[in-house]
Structures are given as structure tokens and as C-alpha cells.
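Peer 1: Take this structure, written in C-alpha cells, and hold onto it; I'll ask about it next.
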Amino acid sequence: MAAPVSENAEEPAAEAEALAAAQERSRRFLSGLELVKQGAEARVFRGRFQGRAAVVKQRFPKGYRHPALEARLGRRRTVQEARALLRCRRAGISAPVVFFVDYASNILYMEEIEGSVTVRDYIQATMDAEKAPESLSALARTMGQVLARMHDQDLIHGDLTTSNMLLKPPAEQLHIVLIDFGLSFVSGLPEDKGVDLYVLEKAFLSTHPNTEAVFNAFLKSYSASSRKAGPVLRKLDEVRLRGRKRSMVG
């Protein structure tokens with residue numbers, strides 16, 4: 001005679017079935033969107049979500065990780081990114097609106113900033129046209145103000161580059177929107193903020209040659225705009241020194 005199946009034994013099976021159904025619905029939805037970028041951690045799609053222009057970011061599982069660990073990591077990072085975007089908007093920092101978070105498939109549905117250009121493209125176009133870093137001084141001031149406000153909220157971006165900053169149209173108004181908070185976290189430590197700025201400096205100067213004066217103008221604006229700039233900039237100097245020592249050692 002077969003032993004009766006308890007309700008507790010049925011619950012995991014029902015949950016697994018519901019999860020699989022939710023993931024299949026997400027897969028079908030994504031199949032109708034345009035894939036615009038595939039990175040090491042996520043795929044980015046463009047399309048419509050409930051009638052609105054949307055960017056959809058899907059964190060996909062890694063085959064080399066244990067499935068349970070992969071599920072936890074993917075969900076945690078998706079939640080962190082959604083919270084970072086919300087934290088920015090509450091602080092008056094422009095960031096995409098979060099439409100929906102799909103916890104079953106680790107997918108983030110966000111507002112698309114239509115007609116925007118990256119700060120990277122704007123800098124390159126300005127330098128190509130005018131050959132004068134001084135023409136970017138207003139952009140440097142605005143970047144300093146925006147990132148100072150972000151750090152004063154103890155939000156660490158984790159991947160600061162000029163590709164992760166957009167300019168809303170018209171670009172000449174220099175309305176910066178921060179994006180791609182997939183590596184973000186919350187920390188009040190000057191060390192973490194200094195590393196954030198160091199990552200930006202390395203990316204900025206490698207992407208935009210002959211713009212050292214622009215980055216210095218950015219740091220001046222950051223210093224003037226942040227209530228906590230002093231310790232952060234001192235940590236930036238320490239991180240730079242450590243970076244140079246590592247380069248010398250090889």
C-alpha cells in the first residue's frame with residue numbers, strides 16, 4: 001500500500017511547477033524583443049512593456065555555478081540594481097524608472113531613455129569637432145555634481161564609465177542619467193567611493209585621450225559639491241598610488 005503524500009511534500013513540487021511556468025512566460029516575452037547587448041553577466045533587450053518604451057535586462061545563469069547558488073546570486077544582484085535605481089531617483093538623481101522586477105527569471109524591466117546619447121559618444125563628438133577639452137568644462141561640472149550627490153547617498157556604482165551615463169535630448173542641456181547599476185552596493189566608506197572614482201578615472205582617460213584637464217575639472221566640481229569629498233579624494237590618491245605600485249611590480 002502506497003504511503004499517503006503529505007501536503008508538505010506537494011508544496012515544493014507546486015512551487016517548482018509555478019517557477020517553471022513563470023520562466024517560460026518570460027522566455028516567450030523576451031523572444032519578441034530586440035537583443036541590443038550581451039555581456040558576461042546579462043543580456044539587454046529593447047522593446048515595449050505595457051505600451052511603454054523599455055530596456056529589459058536579463059541575468060542569465062552560469063553553467064559553472066551550483067544552480068542554487070546561481071539563483072541566489074542572480075536574484076540578489078537584480079534586487080540590488082532595482083534598489084539602486086530607486087535610491088537614485090529618491091535623491092533627485094536621474095535614473096531609469098523601474099517598471100517591473102521578475103524575481104523568477106532575474107529580469108529587470110526599465111524605462112528606455114529615448115533619443116539619449118552616451119556621455120562617451122558626446123565627448124568623442126565634441127573632441128572631434130572642436131579639438132578643445134575646454135569645451136567640455138560644463139559637462140565636467142555636471143558630472144561632478146551628479147556623482148557627488150550619488151556618493152553622498154552612500155551609493156557606490158561599481159562600474160563608472162562614460163558609457164554608463166546618458167544625456168537626455170537635447171544633449172546640449174547636459175541632463176545626465178545614470179544607468180547600469182548591476183555592480184552597485186551601499187557603503188559609507190571613503191575607500192569604496194575612492195575606488196569608484198578611480199575606476200571612472202582609468203576608464204575616462206583610456207577612452208578619451210588628452211582629456212586630463214576635463215577629469216581634473218570633474219574632480220574639482222565633485223569636491224565642491226560633496227559634503228564628504230575630503231576623505232574620498234584622499235582615498236582616491238591612496239588608490240592611485242597602489243595602482244601605480246602594482247603596475248611597477250607587474
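Residues in the C-alpha cells are named by chain (A, B, ... in the order shown) and by number from 1 within that chain; ligands are numbered from 1 in the order shown.
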Write out as a PyMOL selection string which residues come within 7 Å of Ala53 (chain A) when counting only C-alpha atoms, dropping same-chain ones fewer than 3 positions away.
Peer 2: chain A and resi 47-49+111-112
Peer 1: Neighbouring residues of Val232 (chain A) were defined as those with any atom within 8 Å, considering only C-alpha atoms; residues of the same chain fewer than 5 positions away were excluded. Please report them as a PyMOL selection string.
Peer 2: chain A and resi 190-191+193-194
Peer 1: Using all heavy atoms, can you export the residues from the last selection as an mmCIF file, in the first residue's frame?
Peer 2:
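As a result, again29.cif now contains:
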data_model
loop_
_atom_site.group_PDB
_atom_site.id
_atom_site.type_symbol
_atom_site.label_atom_id
_atom_site.label_comp_id
_atom_site.auth_asym_id
_atom_site.auth_seq_id
_atom_site.Cartn_x
_atom_site.Cartn_y
_atom_site.Cartn_z
ATOM 1 N N PRO A 190 34.828 55.936 2.711
ATOM 2 C CA PRO A 190 35.562 56.723 1.708
ATOM 3 C C PRO A 190 36.377 55.848 0.764
ATOM 4 O O PRO A 190 36.544 56.184 -0.410
ATOM 5 C CB PRO A 190 36.473 57.612 2.567
ATOM 6 C CG PRO A 190 35.768 57.740 3.871
ATOM 7 C CD PRO A 190 35.105 56.412 4.085
ATOM 8 N N GLU A 191 36.877 54.708 1.255
ATOM 9 C CA GLU A 191 37.640 53.784 0.412
ATOM 10 C C GLU A 191 36.812 53.337 -0.795
ATOM 11 O O GLU A 191 37.286 53.349 -1.931
ATOM 12 C CB GLU A 191 38.070 52.566 1.232
ATOM 13 C CG GLU A 191 38.651 51.419 0.424
ATOM 14 C CD GLU A 191 40.137 51.578 0.092
ATOM 15 O OE1 GLU A 191 40.780 52.480 0.658
ATOM 16 O OE2 GLU A 191 40.625 50.786 -0.731
ATOM 17 N N LYS A 193 34.201 54.739 -2.126
ATOM 18 C CA LYS A 193 33.913 55.863 -3.019
ATOM 19 C C LYS A 193 35.159 56.258 -3.802
ATOM 20 O O LYS A 193 35.077 56.606 -4.990
ATOM 21 C CB LYS A 193 33.372 57.044 -2.215
ATOM 22 C CG LYS A 193 32.050 56.716 -1.533
ATOM 23 C CD LYS A 193 31.594 57.809 -0.577
ATOM 24 C CE LYS A 193 30.359 57.363 0.192
ATOM 25 N NZ LYS A 193 29.885 58.374 1.157
ATOM 26 N N GLY A 194 36.313 56.197 -3.142
ATOM 27 C CA GLY A 194 37.566 56.490 -3.834
ATOM 28 C C GLY A 194 37.835 55.491 -4.951
ATOM 29 O O GLY A 194 38.277 55.869 -6.042
#
Peer 1: If DSSP is run on the backbone, what residues of region 51-110 of chain A are strand (DSSP E or B)? A reply as number ranges by chain would be ideal.
Peer 2: A: 52-59, 98-102, 107-110
Peer 1: Keeping N, CA and C atoms, export the residues of the selection given above as a compact mmCIF listing (two decimals), in the first residue's frame.
Peer 2:
# COMPACT_ATOMS: atom_id res chain seq x y z
N ARG A 52 4.93 50.95 -23.08
CA ARG A 52 5.99 51.93 -22.87
C ARG A 52 7.33 51.43 -23.41
N ALA A 53 8.13 52.37 -23.94
CA ALA A 53 9.47 52.02 -24.41
C ALA A 53 10.29 51.52 -23.23
N ALA A 54 10.89 50.35 -23.38
CA ALA A 54 11.55 49.73 -22.24
C ALA A 54 12.89 49.13 -22.64
N VAL A 55 13.78 49.09 -21.64
CA VAL A 55 15.01 48.31 -21.70
C VAL A 55 14.84 47.17 -20.71
N VAL A 56 15.14 45.98 -21.16
CA VAL A 56 14.93 44.78 -20.33
C VAL A 56 16.28 44.11 -20.12
N LYS A 57 16.65 43.92 -18.86
CA LYS A 57 17.95 43.33 -18.52
C LYS A 57 17.74 41.98 -17.88
N GLN A 58 18.27 40.96 -18.51
CA GLN A 58 18.12 39.59 -18.01
C GLN A 58 19.47 39.05 -17.54
N ARG A 59 19.53 38.68 -16.28
CA ARG A 59 20.72 37.99 -15.77
C ARG A 59 20.55 36.50 -16.05
N VAL A 98 11.99 52.01 -12.85
CA VAL A 98 11.83 50.55 -12.85
C VAL A 98 10.34 50.25 -13.02
N PHE A 99 10.01 49.54 -14.11
CA PHE A 99 8.63 49.18 -14.36
C PHE A 99 8.23 47.92 -13.60
N PHE A 100 9.12 46.93 -13.59
CA PHE A 100 8.76 45.63 -13.03
C PHE A 100 10.04 44.84 -12.77
N VAL A 101 10.04 44.05 -11.68
CA VAL A 101 11.14 43.15 -11.37
C VAL A 101 10.60 41.73 -11.37
N ASP A 102 11.16 40.90 -12.27
CA ASP A 102 10.76 39.50 -12.38
C ASP A 102 11.76 38.67 -11.57
N ILE A 107 14.92 39.25 -14.11
CA ILE A 107 14.79 40.19 -15.21
C ILE A 107 14.29 41.53 -14.66
N LEU A 108 14.91 42.60 -15.14
CA LEU A 108 14.56 43.96 -14.73
C LEU A 108 14.00 44.70 -15.94
N TYR A 109 12.79 45.21 -15.80
CA TYR A 109 12.13 45.97 -16.86
C TYR A 109 12.22 47.46 -16.49
N MET A 110 12.88 48.22 -17.34
CA MET A 110 13.16 49.63 -17.02
C MET A 110 12.76 50.55 -18.17
Peer 1: Apply DSSP to the structure's backbone, then extract all residues of region 12-198 of chain A labelled alpha helix (DSSP H) and return them as JSON, numbers by chain.
Peer 2: {"A": [12, 13, 14, 15, 16, 17, 18, 19, 20, 21, 22, 23, 24, 25, 26, 27, 28, 29, 30, 31, 67, 68, 69, 70, 71, 72, 73, 74, 75, 76, 77, 78, 79, 80, 81, 82, 83, 84, 85, 86, 87, 88, 89, 90, 119, 120, 121, 122, 123, 124, 125, 126, 127, 128, 129, 130, 137, 138, 139, 140, 141, 142, 143, 144, 145, 146, 147, 148, 149, 150, 151, 152, 190, 191, 192, 193, 194, 195, 196, 197, 198]}
Peer 1: Excluding region 215-222 of chain A and residues on its chain fewer than 5 positions from it, collect all residues at most 9 Å away from it, counting only C-alpha atoms, and give them as an NGL selection string.
Peer 2: :A and (137 or 139-149 or 197 or 201 or 204-205 or 229 or 233)
Peer 1: Can you list, as a list in words, every protein, DNA or RNA residue that comes within 12 Å of region 11-22 of chain A when you count only C-alpha atoms, leaving out same-chain residues fewer than 6 positions away?
Peer 2: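 The residues satisfying every condition are Val5, Arg28, Phe29, Ala71, Asp102, Tyr103, Ala104, Ser105, Asn106 and Ile107 of chain A.
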Peer 1: Hey, can you check how far CA of Lys62 (chain A) sits from CA of Leu85 (chain A)?
Peer 2: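 Computing it gives 24.8 Å between the two atoms.
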Peer 1: When you draw a straight line from CA of Glu24 (chain A) to CA of Lys37 (chain A), how long is it in Å?
Peer 2: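 Straight-line distance from CA of Glu24 (chain A) to CA of Lys37 (chain A) works out to 21.4 Å.
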Peer 1: Quick one: residues within 9 Å of Arg120 (chain A), only C-alpha atoms counted, chain neighbours fewer than 2 positions away excluded, as a PyMOL selection string?
Peer 2: chain A and resi 117-118+122-125+161-166+204+207-208
Peer 1: For the residues in that selection, give me all heavy atoms as a compact mmCIF listing (two decimals), in the first residue's frame.
Peer 2:
# COMPACT_ATOMS: atom_id res chain seq x y z
N VAL A 117 22.06 59.99 -25.80
CA VAL A 117 23.40 59.60 -26.26
C VAL A 117 24.24 59.35 -25.02
O VAL A 117 23.99 59.92 -23.96
CB VAL A 117 24.06 60.68 -27.14
CG1 VAL A 117 23.25 60.93 -28.39
CG2 VAL A 117 24.25 61.98 -26.37
N THR A 118 25.22 58.48 -25.14
CA THR A 118 26.11 58.27 -24.00
C THR A 118 27.05 59.46 -23.84
O THR A 118 27.36 60.16 -24.81
CB THR A 118 26.95 56.99 -24.17
OG1 THR A 118 27.83 57.15 -25.29
CG2 THR A 118 26.07 55.77 -24.38
N TYR A 122 29.22 61.66 -26.63
CA TYR A 122 29.17 63.12 -26.63
C TYR A 122 30.58 63.71 -26.52
O TYR A 122 30.93 64.66 -27.24
CB TYR A 122 28.31 63.60 -25.46
CG TYR A 122 28.18 65.10 -25.36
CD1 TYR A 122 27.24 65.79 -26.11
CD2 TYR A 122 29.01 65.83 -24.50
CE1 TYR A 122 27.12 67.17 -26.01
CE2 TYR A 122 28.89 67.21 -24.40
CZ TYR A 122 27.95 67.87 -25.15
OH TYR A 122 27.84 69.24 -25.06
N ILE A 123 31.41 63.14 -25.65
CA ILE A 123 32.78 63.63 -25.51
C ILE A 123 33.56 63.42 -26.80
O ILE A 123 34.26 64.33 -27.27
CB ILE A 123 33.49 62.91 -24.33
CG1 ILE A 123 32.87 63.35 -23.00
CG2 ILE A 123 34.99 63.22 -24.34
CD1 ILE A 123 33.41 62.60 -21.80
N GLN A 124 33.43 62.24 -27.37
CA GLN A 124 34.17 61.97 -28.61
C GLN A 124 33.74 62.89 -29.74
O GLN A 124 34.58 63.41 -30.48
CB GLN A 124 33.99 60.50 -29.00
CG GLN A 124 34.70 59.54 -28.07
CD GLN A 124 34.53 58.08 -28.45
OE1 GLN A 124 33.57 57.71 -29.12
NE2 GLN A 124 35.45 57.24 -27.98
N ALA A 125 32.43 63.13 -29.87
CA ALA A 125 31.94 64.01 -30.92
C ALA A 125 32.42 65.45 -30.69
O ALA A 125 32.80 66.15 -31.64
CB ALA A 125 30.42 63.97 -30.97
N THR A 161 31.70 54.42 -15.87
CA THR A 161 32.34 54.75 -17.14
C THR A 161 31.47 55.79 -17.83
O THR A 161 30.30 55.99 -17.45
CB THR A 161 32.48 53.52 -18.07
OG1 THR A 161 31.16 53.14 -18.52
CG2 THR A 161 33.13 52.34 -17.37
N THR A 162 32.01 56.41 -18.86
CA THR A 162 31.19 57.39 -19.59
C THR A 162 30.14 56.69 -20.47
O THR A 162 29.24 57.36 -20.97
CB THR A 162 32.08 58.30 -20.46
OG1 THR A 162 32.97 57.49 -21.25
CG2 THR A 162 32.91 59.23 -19.58
N SER A 163 30.25 55.37 -20.63
CA SER A 163 29.21 54.63 -21.34
C SER A 163 27.99 54.37 -20.44
O SER A 163 26.91 54.07 -20.95
CB SER A 163 29.75 53.29 -21.84
OG SER A 163 30.74 53.48 -22.83
N ASN A 164 28.17 54.48 -19.14
CA ASN A 164 27.07 54.26 -18.20
C ASN A 164 26.45 55.56 -17.72
O ASN A 164 25.79 55.59 -16.67
CB ASN A 164 27.57 53.42 -17.01
CG ASN A 164 27.81 51.99 -17.40
OD1 ASN A 164 27.25 51.50 -18.37
ND2 ASN A 164 28.67 51.30 -16.66
N MET A 165 26.66 56.62 -18.49
CA MET A 165 25.99 57.89 -18.27
C MET A 165 25.37 58.31 -19.59
O MET A 165 26.04 58.31 -20.62
CB MET A 165 26.98 58.97 -17.81
CG MET A 165 27.76 58.63 -16.57
SD MET A 165 28.95 59.93 -16.17
CE MET A 165 30.12 59.02 -15.16
N LEU A 166 24.09 58.63 -19.55
CA LEU A 166 23.38 59.08 -20.75
C LEU A 166 23.06 60.56 -20.64
O LEU A 166 22.92 61.10 -19.54
CB LEU A 166 22.07 58.29 -20.92
CG LEU A 166 22.15 56.77 -20.99
CD1 LEU A 166 20.75 56.18 -21.15
CD2 LEU A 166 23.06 56.31 -22.11
N PHE A 204 37.95 56.73 -18.03
CA PHE A 204 37.84 58.02 -18.70
C PHE A 204 39.10 58.33 -19.52
O PHE A 204 39.02 58.65 -20.71
CB PHE A 204 37.63 59.11 -17.65
CG PHE A 204 37.21 60.45 -18.20
CD1 PHE A 204 35.88 60.83 -18.20
CD2 PHE A 204 38.14 61.33 -18.73
CE1 PHE A 204 35.50 62.06 -18.71
CE2 PHE A 204 37.78 62.56 -19.24
CZ PHE A 204 36.44 62.92 -19.23
N THR A 207 39.67 55.92 -22.47
CA THR A 207 38.69 56.07 -23.55
C THR A 207 38.82 57.41 -24.24
O THR A 207 38.58 57.51 -25.46
CB THR A 207 37.26 55.92 -22.98
OG1 THR A 207 37.15 54.67 -22.30
CG2 THR A 207 36.22 55.98 -24.10
N HIS A 208 39.20 58.44 -23.49
CA HIS A 208 39.23 59.81 -24.02
C HIS A 208 40.63 60.41 -23.86
O HIS A 208 40.90 61.09 -22.86
CB HIS A 208 38.19 60.67 -23.30
CG HIS A 208 36.82 60.07 -23.27
ND1 HIS A 208 36.06 59.92 -24.40
CD2 HIS A 208 36.08 59.56 -22.25
CE1 HIS A 208 34.90 59.36 -24.09
NE2 HIS A 208 34.90 59.12 -22.78
Peer 1: Return the single residue from A:Thr78, A:Thr211, A:Ser116, A:Ser225 that is closest to Leu167 (chain A), with distances computed using only C-alpha atoms.
Peer 2: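 Selected residue with least distance to Leu167 (chain A): A:Ser116.
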Peer 1: To one decimal place in Å, what is the distance between CA of Glu41 (chain A) and CA of Leu155 (chain A)?
Peer 2: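 Atom-to-atom, CA of Glu41 (chain A) to CA of Leu155 (chain A), that is 20.9 Å.
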